[in-house]
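Text of the file final-v4.txt, holding compact mmCIF, C-alpha atoms:
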# COMPACT_ATOMS: atom_id res chain seq x y z
CA MET Q 69 -93.35 -129.96 75.37
CA GLY Q 70 -90.28 -128.35 73.80
CA ARG Q 71 -89.33 -124.72 74.26
CA ARG Q 72 -90.32 -123.84 70.75
CA ASP Q 73 -93.78 -125.35 71.12
CA ALA Q 74 -94.27 -123.77 74.53
CA LEU Q 75 -93.45 -120.35 73.10
CA ILE Q 76 -95.76 -120.71 70.14
CA VAL Q 77 -98.67 -122.24 72.01
CA GLN Q 78 -99.30 -119.24 74.19
CA HIS Q 79 -100.11 -117.14 71.12
CA ILE Q 80 -102.58 -119.54 69.52
CA PRO Q 81 -105.72 -118.14 71.17
CA ARG Q 82 -104.95 -114.67 69.84
CA LEU Q 83 -104.11 -115.91 66.37
CA ARG Q 84 -107.48 -117.66 66.37
CA ARG Q 85 -109.29 -114.56 67.55
CA TYR Q 86 -107.72 -112.44 64.83
CA ALA Q 87 -108.36 -115.01 62.10
CA ARG Q 88 -111.99 -115.36 63.13
CA ALA Q 89 -112.56 -111.62 63.04
CA LEU Q 90 -110.72 -111.28 59.74
CA LEU Q 91 -112.50 -114.10 57.91
CA ARG Q 92 -115.77 -114.65 59.74
CA ASP Q 93 -116.09 -118.18 58.31
CA PRO Q 94 -114.86 -120.33 61.23
CA ASP Q 95 -113.57 -123.12 58.97
CA ARG Q 96 -111.49 -120.81 56.83
CA ALA Q 97 -110.24 -119.08 59.97
CA GLU Q 98 -109.21 -122.40 61.47
CA ASP Q 99 -107.40 -123.37 58.29
CA LEU Q 100 -105.55 -120.09 58.31
CA VAL Q 101 -104.45 -120.63 61.91
CA GLN Q 102 -103.23 -124.13 61.19
CA GLU Q 103 -101.37 -123.10 58.05
CA THR Q 104 -99.75 -120.31 60.04
CA LEU Q 105 -98.66 -122.72 62.76
CA ALA Q 106 -97.23 -125.10 60.20
CA ARG Q 107 -95.19 -122.25 58.73
CA ALA Q 108 -94.11 -121.16 62.18
CA LEU Q 109 -92.81 -124.65 62.97
CA ASP Q 110 -90.97 -124.88 59.66
CA ARG Q 111 -89.39 -121.46 59.93
CA PHE Q 112 -88.85 -121.10 63.61
CA HIS Q 113 -85.11 -120.75 63.09
CA PHE Q 114 -85.82 -117.52 61.18
CA TRP Q 115 -87.37 -115.95 64.23
CA HIS Q 116 -84.91 -113.65 66.01
CA ARG Q 117 -84.80 -114.74 69.59
CA GLY Q 118 -85.74 -111.86 71.83
CA SER Q 119 -87.82 -110.12 69.20
CA ASP Q 120 -91.59 -110.08 69.51
CA LEU Q 121 -92.81 -113.57 68.68
CA ARG Q 122 -96.43 -112.48 68.48
CA ALA Q 123 -95.69 -109.89 65.81
CA TRP Q 124 -93.70 -112.50 63.90
CA LEU Q 125 -96.61 -114.95 64.04
CA PHE Q 126 -99.05 -112.30 62.86
CA THR Q 127 -96.70 -111.53 59.98
CA LEU Q 128 -96.69 -115.19 58.96
CA MET Q 129 -100.45 -115.25 59.21
CA HIS Q 130 -100.81 -112.17 57.05
CA ASN Q 131 -98.51 -113.58 54.35
CA GLN Q 132 -100.40 -116.85 54.41
CA PHE Q 133 -103.67 -114.98 54.11
CA VAL Q 134 -102.46 -113.02 51.08
CA ASN Q 135 -101.28 -116.25 49.43
CA ASP Q 136 -104.62 -117.92 50.12
CA CYS Q 137 -106.48 -115.02 48.53
CA ARG Q 138 -104.28 -115.22 45.44
CA ARG Q 139 -104.73 -118.95 45.13
CA GLU Q 140 -108.47 -118.62 45.40
CA GLY Q 141 -108.35 -116.14 42.57
CA ARG Q 142 -109.58 -113.33 44.68
CA ARG Q 143 -108.31 -109.83 44.33
CA PRO Q 144 -104.72 -109.73 45.50
CA VAL Q 145 -105.18 -107.96 48.76
CA THR Q 146 -102.06 -105.88 48.66
CA PHE Q 147 -102.72 -104.39 45.26
CA SER Q 148 -106.33 -103.42 45.63
CA LEU Q 149 -107.28 -99.89 46.36
CA ASP Q 150 -109.05 -98.90 49.51
CA GLY Q 151 -112.20 -99.01 47.52
CA GLY Q 152 -115.38 -101.00 47.58
CA PRO Q 153 -116.49 -103.33 50.31
CA ASP Q 154 -116.23 -107.11 50.23
CA PRO Q 155 -119.03 -108.28 47.90
CA ALA Q 156 -119.81 -111.26 50.14
CA ALA Q 157 -120.67 -108.88 52.90
CA GLU Q 158 -122.93 -106.75 50.78
CA ALA Q 159 -125.73 -109.27 51.20
CA ASP Q 160 -125.48 -109.01 54.98
CA ALA Q 161 -125.50 -105.29 54.76
CA ALA Q 162 -128.53 -105.28 52.51
CA SER Q 163 -130.41 -107.31 55.09
CA GLY Q 164 -129.51 -104.73 57.71
CA ALA Q 165 -127.36 -107.15 59.69
CA GLY Q 166 -124.42 -104.84 59.19
CA LEU Q 167 -126.05 -102.23 61.31
CA ARG Q 168 -126.35 -104.40 64.39
CA ASP Q 169 -123.58 -106.96 64.31
CA ILE Q 170 -120.04 -105.66 64.49
CA GLY Q 171 -118.89 -108.87 62.80
CA ALA Q 172 -121.08 -108.22 59.77
CA ALA Q 173 -120.11 -104.57 59.69
CA LEU Q 174 -116.45 -105.59 59.70
CA MET Q 175 -116.98 -107.73 56.64
CA ARG Q 176 -118.23 -104.70 54.75
CA LEU Q 177 -114.83 -103.10 55.17
CA PRO Q 178 -112.22 -103.70 52.48
CA VAL Q 179 -110.00 -106.42 53.83
CA GLU Q 180 -106.92 -104.20 54.11
CA GLN Q 181 -108.78 -101.75 56.33
CA ARG Q 182 -110.22 -104.61 58.36
CA ALA Q 183 -106.76 -106.03 58.99
CA VAL Q 184 -105.38 -102.73 60.25
CA LEU Q 185 -108.38 -102.07 62.49
CA LEU Q 186 -108.24 -105.56 64.01
CA LEU Q 187 -104.49 -105.55 64.63
CA VAL Q 188 -104.73 -102.18 66.36
CA SER Q 189 -108.10 -102.27 68.10
CA LEU Q 190 -108.53 -105.96 68.84
CA GLU Q 191 -104.98 -107.28 69.11
CA GLY Q 192 -103.50 -104.12 70.57
CA LEU Q 193 -100.48 -103.94 68.28
CA SER Q 194 -98.74 -100.59 68.03
CA TYR Q 195 -98.85 -98.66 64.75
CA ARG Q 196 -95.23 -99.59 64.11
CA GLU Q 197 -95.85 -103.29 64.72
CA THR Q 198 -98.96 -103.18 62.55
CA ALA Q 199 -96.99 -101.56 59.72
CA ARG Q 200 -94.32 -104.25 59.97
CA VAL Q 201 -96.81 -107.11 60.12
CA LEU Q 202 -98.66 -105.90 57.05
CA GLY Q 203 -95.58 -104.66 55.20
CA ILE Q 204 -96.97 -101.16 54.70
CA PRO Q 205 -95.71 -97.68 55.70
CA PRO Q 206 -96.91 -96.30 59.07
CA GLY Q 207 -98.71 -93.49 57.25
CA THR Q 208 -100.81 -96.07 55.44
CA VAL Q 209 -101.68 -97.70 58.77
CA MET Q 210 -102.99 -94.35 59.89
CA SER Q 211 -105.07 -93.65 56.82
CA ARG Q 212 -106.60 -97.14 56.72
CA LEU Q 213 -107.36 -97.01 60.40
CA HIS Q 214 -109.09 -93.69 59.95
CA ARG Q 215 -111.23 -94.89 57.05
CA ALA Q 216 -112.14 -98.11 58.82
CA ARG Q 217 -113.21 -96.35 61.99
CA GLU Q 218 -115.16 -93.66 60.21
CA ARG Q 219 -117.06 -96.22 58.16
CA LEU Q 220 -117.88 -98.39 61.16
CA ARG Q 221 -118.89 -95.32 63.08
CA HIS Q 222 -121.27 -94.41 60.34
CA TRP Q 223 -122.74 -97.92 59.98
CA LEU Q 224 -123.00 -98.59 63.67
CA GLY Q 225 -124.26 -95.13 64.43
CA GLU Q 226 -127.79 -96.46 64.44
CA THR Q 227 -127.06 -98.85 67.28
CA ARG Q 228 -126.71 -98.04 70.92
CA ASP Q 229 -124.62 -99.62 73.64
CA ASP Q 230 -127.40 -101.95 74.66
CA GLY Q 231 -127.70 -103.26 71.13
CA VAL Q 232 -131.18 -101.83 70.69
CA GLN Q 233 -131.63 -100.09 67.42
CA ARG Q 234 -132.50 -96.46 67.79
CA LEU Q 235 -135.89 -95.55 66.54
CA ARG Q 236 -135.66 -93.82 63.24
CA SER Q 237 -138.59 -91.81 62.09
CA VAL Q 238 -139.69 -94.20 59.41
CA LYS Q 239 -143.26 -94.63 60.56
CA MET K 8 -90.59 -70.06 68.64
CA LYS K 9 -93.38 -72.50 68.25
CA HIS K 10 -92.97 -75.92 69.83
CA PRO K 11 -93.90 -78.69 67.36
CA ASP K 12 -96.40 -79.99 69.90
CA ASP K 13 -98.30 -76.75 69.72
CA ARG K 14 -99.68 -77.71 66.34
CA PRO K 15 -103.45 -78.04 66.40
CA VAL K 16 -104.98 -81.41 67.19
CA ASP K 17 -105.89 -83.30 64.02
CA GLU K 18 -107.56 -86.61 63.26
CA ARG K 19 -104.30 -88.57 63.55
CA ASP K 20 -103.99 -87.35 67.12
CA LEU K 21 -107.46 -88.60 67.92
CA HIS K 22 -106.62 -92.12 66.77
CA ALA K 23 -103.23 -92.06 68.43
CA TYR K 24 -104.90 -90.87 71.61
CA VAL K 25 -107.39 -93.73 71.58
CA ASP K 26 -104.62 -96.25 70.85
CA GLY K 27 -102.22 -95.03 73.50
CA GLU K 28 -99.61 -93.90 70.98
CA LEU K 29 -99.07 -90.38 72.34
CA ASP K 30 -96.48 -89.24 74.82
CA ALA K 31 -97.67 -87.68 78.06
CA SER K 32 -97.46 -84.05 77.03
CA ARG K 33 -99.29 -84.50 73.74
CA ARG K 34 -101.92 -86.59 75.52
CA LEU K 35 -102.62 -83.70 77.88
CA GLN K 36 -102.95 -81.34 74.94
CA VAL K 37 -105.40 -83.65 73.24
CA GLU K 38 -107.43 -83.96 76.42
CA ALA K 39 -107.59 -80.21 76.73
CA TRP K 40 -108.65 -80.01 73.10
CA LEU K 41 -111.39 -82.59 73.56
CA ALA K 42 -112.83 -80.69 76.50
CA GLY K 43 -113.55 -77.80 74.16
CA HIS K 44 -114.53 -79.76 71.04
CA PRO K 45 -117.53 -82.01 71.66
CA GLY K 46 -117.56 -83.27 68.04
CA ASP K 47 -114.07 -84.71 68.38
CA ALA K 48 -114.87 -85.98 71.86
CA ALA K 49 -117.82 -87.89 70.39
CA ARG K 50 -115.53 -89.41 67.77
CA VAL K 51 -113.06 -90.55 70.40
CA HIS K 52 -115.95 -92.02 72.32
CA ASP K 53 -117.14 -93.91 69.21
CA TYR K 54 -113.66 -95.22 68.39
CA ARG K 55 -113.40 -96.60 71.90
CA HIS K 56 -116.86 -98.02 71.62
CA ILE K 57 -115.86 -99.87 68.44
CA ARG K 58 -112.91 -101.36 70.27
CA GLU K 59 -115.15 -102.53 73.11
CA ARG K 60 -117.58 -104.10 70.71
CA LEU K 61 -114.81 -105.91 68.88
CA HIS K 62 -113.61 -107.36 72.16
CA ARG K 63 -117.08 -108.34 73.28
CA ARG K 64 -117.72 -110.02 69.96
CA PHE K 65 -114.42 -111.86 69.50
CA ASP K 66 -112.88 -112.38 72.94
CA PRO K 67 -114.98 -115.51 73.48
CA VAL K 68 -112.83 -117.12 70.76
CA LEU K 69 -109.90 -116.95 73.19
CA ALA K 70 -111.59 -119.49 75.47
CA GLU K 71 -112.83 -121.84 72.77
CA SER K 72 -111.22 -125.18 72.13
CA PRO K 73 -109.90 -125.62 68.64
CA PRO K 74 -112.68 -127.53 66.86
CA GLU K 75 -113.19 -130.72 64.85
CA SER K 76 -110.26 -130.25 62.54
CA VAL K 77 -107.99 -131.37 65.34
CA ALA K 78 -109.89 -134.63 65.47
CA ALA K 79 -108.22 -136.05 62.40
CA PRO K 80 -104.76 -134.69 61.66
CA GLY K 81 -104.28 -137.45 59.10
CA ALA K 82 -107.30 -136.36 57.14
CA ARG K 83 -105.79 -133.04 56.17
CA PRO K 84 -103.45 -132.66 53.23
CA GLY K 85 -99.79 -131.94 53.75
CA VAL K 86 -96.82 -133.63 55.30
CA PRO K 87 -98.26 -135.92 58.01
CA ALA K 88 -95.52 -135.17 60.55
CA ARG K 89 -96.09 -131.44 60.18
CA ARG K 90 -99.85 -131.90 60.39
CA ALA K 91 -99.44 -133.90 63.58
CA ALA K 92 -97.13 -131.25 65.03
CA VAL K 93 -99.69 -128.54 64.33
CA ALA K 94 -102.53 -130.64 65.74
CA ALA K 95 -100.46 -131.24 68.86
CA LEU K 96 -99.97 -127.50 69.30
CA MET K 97 -103.70 -126.93 68.96
CA LEU K 98 -104.48 -129.60 71.54
CA VAL K 99 -102.02 -128.22 74.03
CA SER K 100 -103.47 -124.78 73.47
CA ALA K 101 -106.97 -126.14 74.10
CA ALA K 102 -105.75 -127.79 77.31
CA LEU K 103 -104.29 -124.53 78.53
CA GLY K 104 -107.61 -122.88 77.82
CA TRP K 105 -109.39 -125.55 79.83
CA TRP K 106 -107.65 -124.62 83.06
CA SER K 107 -108.89 -121.09 82.82
CA ARG K 108 -112.41 -122.23 82.02
CA GLY K 109 -112.84 -124.14 85.27
CA PRO K 110 -113.63 -127.71 86.19
CA ALA K 111 -116.39 -128.36 83.68
CA GLU K 112 -114.71 -131.62 82.77
CA ALA K 113 -113.89 -132.59 86.34
CA PRO K 114 -115.30 -136.17 86.14
CA VAL K 115 -113.15 -136.94 83.12
CA GLN K 116 -110.16 -135.57 84.92
CA ALA K 117 -110.80 -137.61 88.10
CA ASP K 118 -112.05 -140.81 86.47
CA LEU K 119 -109.93 -141.04 83.36
CA VAL K 120 -106.97 -138.69 83.13
CA GLN K 121 -105.60 -139.01 86.65
CA PRO K 122 -106.05 -142.76 87.15
CA ALA K 123 -104.70 -143.42 83.64
CA ALA K 124 -101.58 -141.39 84.36
CA PHE K 125 -101.19 -142.98 87.80
CA ALA K 126 -101.51 -146.51 86.43
CA HIS K 127 -98.93 -145.66 83.78
CA ARG K 128 -96.53 -144.39 86.43
CA VAL K 129 -96.96 -147.45 88.62
CA TYR K 130 -96.71 -150.22 86.03
CA SER K 131 -94.62 -148.88 83.18
CA THR K 132 -91.66 -148.62 85.55
CA ASP K 133 -92.21 -152.09 87.00
CA LEU K 134 -89.41 -154.18 85.56
CA ARG K 135 -90.54 -157.56 86.82
CA ARG K 136 -94.29 -157.47 86.31
CA PRO K 137 -95.29 -154.60 84.06
CA VAL K 138 -98.32 -156.58 82.84
CA GLU K 139 -100.64 -159.24 84.18
CA ILE K 140 -101.01 -161.17 80.95
CA PRO K 141 -98.15 -160.95 78.44
CA ALA K 142 -98.55 -160.39 74.73
CA GLY K 143 -97.62 -164.05 74.15
CA GLU K 144 -101.06 -164.98 75.48
CA ARG K 145 -102.83 -162.49 73.32
CA VAL K 146 -106.00 -164.49 72.82
CA SER K 147 -106.66 -165.03 76.51
CA LEU K 148 -105.69 -161.41 77.24
CA ASP K 149 -108.34 -160.12 74.88
CA ARG K 150 -110.97 -162.62 76.03
CA TRP K 151 -110.39 -162.00 79.71
CA ILE K 152 -110.42 -158.21 79.43
CA SER K 153 -113.50 -158.23 77.20
CA GLN K 154 -115.36 -160.40 79.72
CA ARG K 155 -114.50 -158.29 82.72
CA MET K 156 -115.14 -155.00 80.92
CA HIS K 157 -118.45 -156.26 79.48
CA THR K 158 -117.51 -155.08 76.03
CA GLU K 159 -115.52 -156.36 73.08
CA LEU K 160 -112.01 -155.04 73.58
CA GLN K 161 -108.81 -156.09 71.83
CA ALA K 162 -105.32 -154.81 72.37
CA PRO K 163 -104.79 -152.65 69.27
CA ASP K 164 -101.90 -153.48 66.99
CA LEU K 165 -99.56 -150.48 67.00
CA SER K 166 -96.59 -152.00 65.20
CA ARG K 167 -96.91 -149.44 62.43
CA GLN K 168 -96.44 -146.75 65.05
CA GLY K 169 -93.25 -148.50 66.15
CA LEU K 170 -94.81 -149.90 69.31
CA ARG K 171 -94.60 -153.53 70.42
CA LEU K 172 -97.34 -154.89 72.68
CA ILE K 173 -96.01 -156.08 76.02
CA GLY K 174 -99.35 -157.15 77.44
CA GLY K 175 -102.19 -155.87 79.55
CA ARG K 176 -103.94 -155.89 82.88
CA LEU K 177 -107.20 -155.12 84.62
CA LEU K 178 -107.29 -152.36 87.18
CA PRO K 179 -109.82 -151.04 89.65
CA SER K 180 -110.55 -147.45 88.68
CA THR K 181 -112.62 -144.95 90.70
CA ASP K 182 -115.87 -146.95 90.52
CA ARG K 183 -115.32 -149.21 87.53
CA MET K 184 -112.87 -151.63 86.06
CA ALA K 185 -110.29 -150.29 83.68
CA ALA K 186 -108.05 -152.02 81.17
CA GLN K 187 -104.46 -151.08 80.55
CA PHE K 188 -102.48 -152.19 77.52
CA MET K 189 -98.76 -151.59 77.59
CA TYR K 190 -96.43 -151.01 74.65
CA GLU K 191 -92.76 -150.35 74.21
CA ASP K 192 -90.91 -148.52 71.46
CA GLY K 193 -87.45 -149.27 70.07
CA ASP K 194 -85.79 -147.21 72.80
CA GLY K 195 -87.58 -149.04 75.58
CA GLN K 196 -89.93 -146.09 76.22
CA ARG K 197 -93.35 -147.20 77.32
CA VAL K 198 -96.75 -146.04 76.17
CA THR K 199 -99.98 -147.26 77.76
CA VAL K 200 -103.55 -147.34 76.49
CA TYR K 201 -106.14 -147.00 79.24
CA VAL K 202 -109.82 -147.79 78.68
CA ARG K 203 -112.82 -147.61 80.99
CA ARG K 204 -116.52 -146.98 80.97
CA ILE K 205 -117.28 -143.40 81.88
CA ALA K 206 -120.38 -141.43 82.83
CA GLY K 207 -121.38 -139.05 80.05
CA GLY K 208 -118.84 -140.70 77.80
CA ASP K 209 -120.80 -140.15 74.62
CA GLY K 210 -118.22 -137.65 73.57
CA SER K 211 -117.52 -136.22 70.20
CA ARG K 212 -114.48 -138.48 69.65
CA GLU K 213 -112.32 -135.39 69.51
CA PHE K 214 -108.90 -135.67 71.06
CA HIS K 215 -108.15 -133.76 74.22
CA TYR K 216 -104.85 -133.23 75.90
CA ARG K 217 -103.77 -132.99 79.52
CA GLU K 218 -100.41 -132.81 81.17
CA GLN K 219 -99.88 -134.87 84.32
CA GLY K 220 -96.46 -134.01 85.68
CA ASP K 221 -93.97 -135.19 83.08
CA LEU K 222 -96.57 -137.39 81.38
CA HIS K 223 -98.70 -136.49 78.38
CA VAL K 224 -102.26 -137.77 78.31
CA LEU K 225 -104.35 -137.75 75.16
CA TYR K 226 -107.92 -138.87 75.60
CA TRP K 227 -111.29 -139.03 73.90
CA LEU K 228 -114.78 -140.25 74.69
CA ASP K 229 -116.81 -142.50 72.48
CA GLY K 230 -119.87 -144.67 73.01
CA GLY K 231 -119.88 -144.45 76.80
CA MET K 232 -116.19 -145.32 76.99
CA GLY K 233 -113.20 -143.18 77.79
CA TYR K 234 -109.87 -143.87 76.09
CA ALA K 235 -106.52 -142.45 77.12
CA ILE K 236 -103.01 -142.71 75.65
CA ILE K 237 -100.25 -142.00 78.15
CA GLY K 238 -96.56 -141.54 77.56
CA SER K 239 -93.65 -139.18 77.83
CA ARG K 240 -92.87 -139.00 74.11
CA PRO K 241 -93.71 -135.72 72.31
CA VAL K 242 -97.40 -134.99 71.94
CA ALA K 243 -97.22 -135.19 68.15
CA GLY K 244 -96.00 -138.79 68.40
CA LEU K 245 -98.70 -139.69 70.88
CA LEU K 246 -101.28 -138.15 68.61
CA ASP K 247 -100.22 -140.53 65.88
CA VAL K 248 -100.67 -143.42 68.32
CA ALA K 249 -104.04 -142.10 69.47
CA GLY K 250 -105.24 -141.87 65.88
CA ALA K 251 -104.29 -145.50 65.28
CA VAL K 252 -105.90 -146.71 68.52
CA ARG K 253 -109.11 -144.89 67.79
CA ALA K 254 -109.25 -146.31 64.28
CA ARG K 255 -108.59 -149.89 65.46
CA LEU K 256 -110.94 -149.86 68.43
CA THR K 257 -113.74 -148.29 66.44
CA ALA K 258 -113.23 -150.87 63.70
CA THR K 259 -113.53 -153.71 66.24
CA GLU K 260 -116.64 -152.29 67.85
CA HIS K 261 -118.50 -151.91 64.63
CA ALA K 262 -117.28 -155.11 63.04
CA PRO K 263 -120.25 -157.31 62.09
Show the structure stored in the file as structure tokens.
Amino acid sequence: MGRRDALIVQHIPRLRRYARALLRDPDRAEDLVQETLARALDRFHFWHRGSDLRAWLFTLMHNQFVNDCRREGRRPVTFSLDGGPDPAAEADAASGAGLRDIGAALMRLPVEQRAVLLLVSLEGLSYRETARVLGIPPGTVMSRLHRARERLRHWLGETRDDGVQRLRSVK
Amino acid sequence: MKHPDDRPVDERDLHAYVDGELDASRRLQVEAWLAGHPGDAARVHDYRHIRERLHRRFDPVLAESPPESVAAPGARPGVPARRAAVAALMLVSAALGWWSRGPAEAPVQADLVQPAAFAHRVYSTDLRRPVEIPAGERVSLDRWISQRMHTELQAPDLSRQGLRLIGGRLLPSTDRMAAQFMYEDGDGQRVTVYVRRIAGGDGSREFHYREQGDLHVLYWLDGGMGYAIIGSRPVAGLLDVAGAVRARLTATEHAP
């Protein structure tokens, strides 16, 4: 295995984890990972040796993701406001799944908030790295992170650590 | 004069505190603040809880093997060489994951991967007698190996992959017979195909990858048989060979 491949390979599990959390559909997530790797192989000479390869790979993945959304005729992610939740996730939420499963709750977040939350809370990127990966100002990272966490906190508030739903006085 | 750090704790500080973005002195200030503000302390607790739940939910992905899509790099659109290179990366990544997951696949390792790599090492470097029956006696090679292996087995034609058949041989493997077919590319580099019956070999036909010293081993399980491709060429190249072998051998098996 060449040096380039060896360097890239060690980041694949984390790229897969992020893609899966971002997209939920395992097939789409897998496609995103593979497209990202293809780009990384093609453009490896653009990577500045010594800089953070993981952040570079996440940047490629984000750009690929935005392109995919455009091609599929979805809302261009970067231009949408931090507004309504993903319509696909509304069904989940209506069934109450969003209150128990963090994955379903995530899908209720607008995708730009989801991306920030996942890069920071799941992938452990710093605010600066997250801003660079997503191509947004650090202040925007902060505000999206805040909205994402407050929404999740609200939705998940009904659920305890052990996953048992708290009894609400509905009887 | 007021030190800038004396500003009251706000929501940005709470996030930065949770995410380890504060310097030591500000962190202490936030901790002192939290001790006296249970509402904010509860928020911090919830933010951390969200992080834990994200990890619990998605960390298992780290240990998963890349799925089906790796099985057929040729089936996906795009430049084939690039597809193969990506598939190779995924396989290597899956192999790395395997080591951390423990010896769940130990029989395959002991019965297929190791003996296949060992046989490659022994015979591919043998200048005088690399094979038992040379490619010139192709018909008897196929007949003999099929008889001894108790299954229809023909040396696959890999000329389109730039590999010339040198011949083949029978080998004792751990508790079974194994067949080895040997090929050579234009540079004289050798690639072997190793086949044997294997317990629990009703695999998913997905490709797996293992490294044995300087050798690359790609293998898959199908219909009670284990198949391995061994060589020192880059994994992407071997993957191309493996795809061809799997297609040919499957075609023979299911031929009417």
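When CA of Gly70 (chain Q) is paired with CA of Ala70 (chain K), their separation reads 23.1 Å.
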Can you work out which one of K:Asp30, K:Asp182, K:Asp53, K:Glu38 has the shortest atom-to-atom distance to chain Q, counting only C-alpha atoms?
K:Asp53
Can you check which parts of chain Q lie within 6 Å of chain K? Per residue, the shortest pair of atoms and distance in Å to one decimal, counting all atoms listed in the file, sorted by chain and number, as CSV.
residue,atom,partner,partner_atom,distance
Q:Val77,CA,K:Ser100,CA,5.6
Q:Pro81,CA,K:Leu69,CA,4.8
Q:Arg85,CA,K:Val68,CA,5.4
Q:Ala106,CA,K:Val93,CA,5.9
Q:Ser189,CA,K:Arg58,CA,5.4
Same residues, C-alpha atoms, output as a PDB file, keeping the file's coordinate frame:
ATOM      1  CA  VAL Q  77     -98.670-122.240  72.010  1.00  0.00           C
ATOM      2  CA  PRO Q  81    -105.720-118.140  71.170  1.00  0.00           C
ATOM      3  CA  ARG Q  85    -109.290-114.560  67.550  1.00  0.00           C
ATOM      4  CA  ALA Q 106     -97.230-125.100  60.200  1.00  0.00           C
ATOM      5  CA  SER Q 189    -108.100-102.270  68.100  1.00  0.00           C
TER       6      SER Q 189
END
So which residues touch region 208-216 of chain Q within 10 Å, counting all atoms listed in the file, skipping near sequence neighbours fewer than 5 positions away, as a PyMOL selection string?
(chain Q and resi 150+174+176-189+195-196+198-200+202-203+221-222) or (chain K and resi 18-19+21-23+54)
Report, in Å with one decimal, the straight-line distance from CA of Asp17 (chain K) to CA of Ile170 (chain Q).
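Interatomic distance, CA of Asp17 (chain K) to CA of Ile170 (chain Q): 26.5 Å.
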Given 8 Å on each side, where is the centre and what are the edge lengths in Å to one decimal of the axis-aligned box enclosing the listed atoms of region 27-43 of chain K, as AutoDock Vina command-line options?
--center_x -105.0 --center_y -86.4 --center_z 74.5 --size_x 33.1 --size_y 33.2 --size_z 23.1
Straight-line distance linking CA of Gly233 (chain K) with CA of Leu119 (chain K), stated in Å to one decimal:
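If I compute the distance from CA of Gly233 (chain K) to CA of Leu119 (chain K), I get 6.8 Å.
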For Thr104 (chain Q), list every protein, DNA or RNA residue within 10 Å, evaluated using only C-alpha atoms, and leave out those in the same chain fewer than 4 positions away; present the list as a ChimeraX atom specification.
/Q:80,83,98-100,108-110,125-133 /K:93
Go ahead and save the picked residues with C-alpha atoms, as an mmCIF file, keeping the file's coordinate frame.
data_model
loop_
_atom_site.group_PDB
_atom_site.id
_atom_site.type_symbol
_atom_site.label_atom_id
_atom_site.label_comp_id
_atom_site.auth_asym_id
_atom_site.auth_seq_id
_atom_site.Cartn_x
_atom_site.Cartn_y
_atom_site.Cartn_z
ATOM 1 C CA ILE Q 80 -102.580 -119.540 69.520
ATOM 2 C CA LEU Q 83 -104.110 -115.910 66.370
ATOM 3 C CA GLU Q 98 -109.210 -122.400 61.470
ATOM 4 C CA ASP Q 99 -107.400 -123.370 58.290
ATOM 5 C CA LEU Q 100 -105.550 -120.090 58.310
ATOM 6 C CA ALA Q 108 -94.110 -121.160 62.180
ATOM 7 C CA LEU Q 109 -92.810 -124.650 62.970
ATOM 8 C CA ASP Q 110 -90.970 -124.880 59.660
ATOM 9 C CA LEU Q 125 -96.610 -114.950 64.040
ATOM 10 C CA PHE Q 126 -99.050 -112.300 62.860
ATOM 11 C CA THR Q 127 -96.700 -111.530 59.980
ATOM 12 C CA LEU Q 128 -96.690 -115.190 58.960
ATOM 13 C CA MET Q 129 -100.450 -115.250 59.210
ATOM 14 C CA HIS Q 130 -100.810 -112.170 57.050
ATOM 15 C CA ASN Q 131 -98.510 -113.580 54.350
ATOM 16 C CA GLN Q 132 -100.400 -116.850 54.410
ATOM 17 C CA PHE Q 133 -103.670 -114.980 54.110
ATOM 18 C CA VAL K 93 -99.690 -128.540 64.330
#
Which one of K:Asp164, K:Ile173, K:Ala48, K:Trp227 sits closest to Glu144 (chain K) if you count all atoms listed in the file?
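Answer, going by the shortest atom-to-atom distance: K:Ile173.
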Report as a list in words all protein, DNA and RNA residues lying within 12 Å of Arg96 (chain Q), evaluated on all atoms listed in the file, omitting residues in the same chain fewer than 6 positions from it.
Arg84, Ala87, Arg88, Ala89, Leu90, Gln102, Glu103, Phe133, Asp136 and Cys137 of chain Q; Ser76 of chain K
Please write the residues from the selection above to a file, keeping C-alpha atoms, as a JSON list (two decimals), in the frame of the given file.
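That gives us selection_14.json:
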[["chain", "number", "residue", "atom", "x", "y", "z"],
["Q", 84, "ARG", "CA", -107.48, -117.66, 66.37],
["Q", 87, "ALA", "CA", -108.36, -115.01, 62.10],
["Q", 88, "ARG", "CA", -111.99, -115.36, 63.13],
["Q", 89, "ALA", "CA", -112.56, -111.62, 63.04],
["Q", 90, "LEU", "CA", -110.72, -111.28, 59.74],
["Q", 102, "GLN", "CA", -103.23, -124.13, 61.19],
["Q", 103, "GLU", "CA", -101.37, -123.10, 58.05],
["Q", 133, "PHE", "CA", -103.67, -114.98, 54.11],
["Q", 136, "ASP", "CA", -104.62, -117.92, 50.12],
["Q", 137, "CYS", "CA", -106.48, -115.02, 48.53],
["K", 76, "SER", "CA", -110.26, -130.25, 62.54]]
In terms of the shortest atom-to-atom distance over only C-alpha atoms, which of K:Thr257, K:Gln36, K:Thr181, K:Gln196 is closest to Arg212 (chain K)?
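Once distances to Arg212 (chain K) are computed over only C-alpha atoms, the minimum belongs to K:Thr257.
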